[in-house]
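Undergrad: Have a look at the structure that comes next, please.
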Amino acid sequence: MKYAAPRGTKDILPDDSPLWQFIEGACRETFELFNYREIRTPIFEATDVFTRSIGDSTDIVKKEMYTFPDRKGRSLTLRPEATASVVRAGLENNLISPDNLLKVYYLGPMFRYERPQAGRQRQFHQAGVEAFGSNDPLLDAEVIQMAVNLFQALGLKELEVDINSVGCKKCRPAYLEALKKYFQENVKHMCKDCLARFEINPLRILDCKEEPCQKYIAKAPAMVDHLDAECKEHFKRMVGWLDGLEIKYKINDRLVRGLDYYTRTAFEVVSKQLGAQNAVCGGGRYDDLVEEMGGKSVPAIGFAIGLERIMEILRKLNVESRASNVGLYIATIGDEARKVGFDLLSKARDAGISADFDYQGRSLKAQMKAADRLKAEYVYIIGEEELKKRSAILKNMETADQHEIAFDELIDNFSGECGCGCEH
RNA sequence: GCGGCCAUGGUGUAGGGGUAACACAGCAGAUUGUGGUUCUGUUGUCACGGGUUCGAUUCCCGUUGGCCGCCCCA
């Protein structure tokens, strides 16, 4: 093979697109139900947009960004996630302000230079939402509810919603100190990764899955116990709203998210039907980001959903539906019939009937076979005799019934019964 | 960035130092104007580069890519 798609990228082929459209459609529908409106930002940004927001010490910034200089030497980066872009766009276009509530959603490809594996690609797709302008815990609950509703609409089960609070810039430093103090003596018994985490970001130790480390982690102080009064109140009230909405969740005081900008609420939806990469949705509040990116202080919250991972689950559930949308296939014999057939073909399309034709001048048998494979509902067969009569055979491919219909009446015959393959 | 496994027609697989087997799909045909069954034919530089050898698709090394795990994340 001379050319192949770059490592970690995948073609989405016609057989897959119905499922993609289903997923994307469900996202749009749910988001719009909650009155979020679509925003589309460029696929690349000035590198600073990401380094400043995501954080220099995160893996994304340290080793996963697709960064390149353009022809004038400016450093650009393919977006590894969308939140930073949305904040940039919102600020640039004056959509974000403290006294204005902005709710937007996006859908599209993201890029991270990572080693591909199950549920992980270098170009992958996310759908997400961002809401700016409110620090009310009600909004946190609603955002989580929206994610849950979406997964319901998609027919996903066996999901778990994990929530936690990572505090704010006022109370987190004290917690980090407490963590350090706690791990100070134990860390030497723990894995070498944890040793490194201890220096860089002790919060990450909580994420470690190594068996020997677990017993130390289990007794480590939890952020929820170190929240200041306001953060504690925020978390309590959000949980209250979630209970009111009857949303099942698990408080996971070990949940730490990988981007630096999160404050207070952090949540994740994980699937039991996936392998190691089991998070299908991750999000949280980022009350300081807008200000850090040069705006006024505007609280915000959002989440992102990994579409490939949703796809993987749906594939396992076998929800692949691949109905044809061809209502009419026009088969012809001979050059003259072909001209007439092609003319009827375009008339059919003008009338909104999805129609197809043979482009290779093949035998009638081959045309019938093609129509069959396309699962066309009807085939209109035009031969020499039919040309003289200006009337040809319309065959119902499912029942195999066929009868004659004049060229002039073909389209009208269809408009009544909706031969377009749509669902009614 | 690290580790394990792998790489044969469109797809899924078999094989093995002397130029590849099977199934399915595709295409063509089986009294030349009708599909889903059957039968026949047809489809491959055995990932790429180098080495060992009289000879490599088969053995060795490297590269690239895939799968899975670690890290991290969606």
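So you can find residues: chains in the structure tokens are A, B, ... in the order shown, residues in each start at 1, and ligands are numbered from 1 in order.
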Just need the residues of chain B within 7 Å of chain A, counting only C-alpha atoms (C1' of nucleotides), so spit them out as an NGL selection string.

TA: :B and (33-35 or 72 or 74)

Undergrad: Running DSSP on the backbone, which parts of segment 187-411 of chain A land in alpha helix (DSSP H), as a PyMOL selection string?

TA: chain A and resi 192-200+211-218+229-244+289-292+307-316+335-350+364-373+384-389+410-411

Undergrad: Report as CSV the residues of segment 274-303 of chain A within 9 Å of segment 83-87 of chain A, each with its shortest atom pair and distance in Å (one decimal), using only C-alpha atoms, ordered by chain and increasing residue number.

TA:
residue,atom,partner,partner_atom,distance
A:Leu289,CA,A:Val87,CA,8.1
A:Val290,CA,A:Val87,CA,6.5
A:Met293,CA,A:Val87,CA,7.8
A:Gly302,CA,A:Thr83,CA,7.9
A:Phe303,CA,A:Thr83,CA,8.6

Undergrad: Could you please take those selected residues and save N, CA and C atoms as a JSON list (two decimals), in the first residue's frame?

TA:
[["chain", "number", "residue", "atom", "x", "y", "z"],
["A", 289, "LEU", "N", -10.69, 30.38, 34.52],
["A", 289, "LEU", "CA", -10.06, 30.34, 33.19],
["A", 289, "LEU", "C", -10.30, 31.60, 32.36],
["A", 290, "VAL", "N", -11.54, 32.10, 32.36],
["A", 290, "VAL", "CA", -11.85, 33.26, 31.54],
["A", 290, "VAL", "C", -10.95, 34.43, 31.93],
["A", 293, "MET", "N", -7.44, 34.03, 30.85],
["A", 293, "MET", "CA", -7.23, 34.23, 29.43],
["A", 293, "MET", "C", -7.50, 35.67, 29.01],
["A", 302, "GLY", "N", -18.33, 23.05, 31.92],
["A", 302, "GLY", "CA", -18.56, 22.36, 30.65],
["A", 302, "GLY", "C", -18.15, 20.91, 30.73],
["A", 303, "PHE", "N", -18.40, 20.20, 29.64],
["A", 303, "PHE", "CA", -17.91, 18.83, 29.55],
["A", 303, "PHE", "C", -17.64, 18.47, 28.10]]

Undergrad: Could you tell me how far atom CA of Asp228 of chain A lies from atom CA of Ala82 of chain A, in Å and to one decimal?

TA: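 Atom CA of Ala82 of chain A lies at a distance of 29.8 Å from atom CA of Asp228 of chain A.
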
Undergrad: For Ala392 of chain A, list every protein, DNA or RNA residue within 8 Å, evaluated using only C-alpha atoms (C1' of nucleotides), and leave out those in the same chain fewer than 3 positions away; present the list as a short mmCIF file (atom, residue, chain, number, x, y, z; two decimals) with C-alpha atoms, in the first residue's frame.

TA:
data_model
loop_
_atom_site.label_atom_id
_atom_site.label_comp_id
_atom_site.auth_asym_id
_atom_site.auth_seq_id
_atom_site.Cartn_x
_atom_site.Cartn_y
_atom_site.Cartn_z
CA TYR A 380 -38.23 0.89 -13.35
CA ILE A 381 -37.22 -1.22 -16.33
CA ILE A 382 -37.06 0.43 -19.74
CA GLY A 383 -36.33 -1.63 -22.87
CA GLU A 386 -41.29 0.13 -23.65
CA LEU A 387 -39.76 2.97 -25.59
CA LYS A 389 -45.20 2.49 -25.78
CA GLU A 404 -46.77 -1.13 -16.34
CA ILE A 405 -46.66 2.59 -15.77
CA ALA A 406 -46.41 5.31 -18.39
CA PHE A 407 -43.25 7.43 -18.43
#

Undergrad: Please identify all polymer residues within 10 Å of segment 58-60 of chain B, counting only C-alpha atoms (C1' of nucleotides), omitting same-chain residues fewer than 3 positions from it, and present them as a list in words.

TA: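 Those residues are G15, G16, G17, C46, G51, U52 and U53 of chain B.
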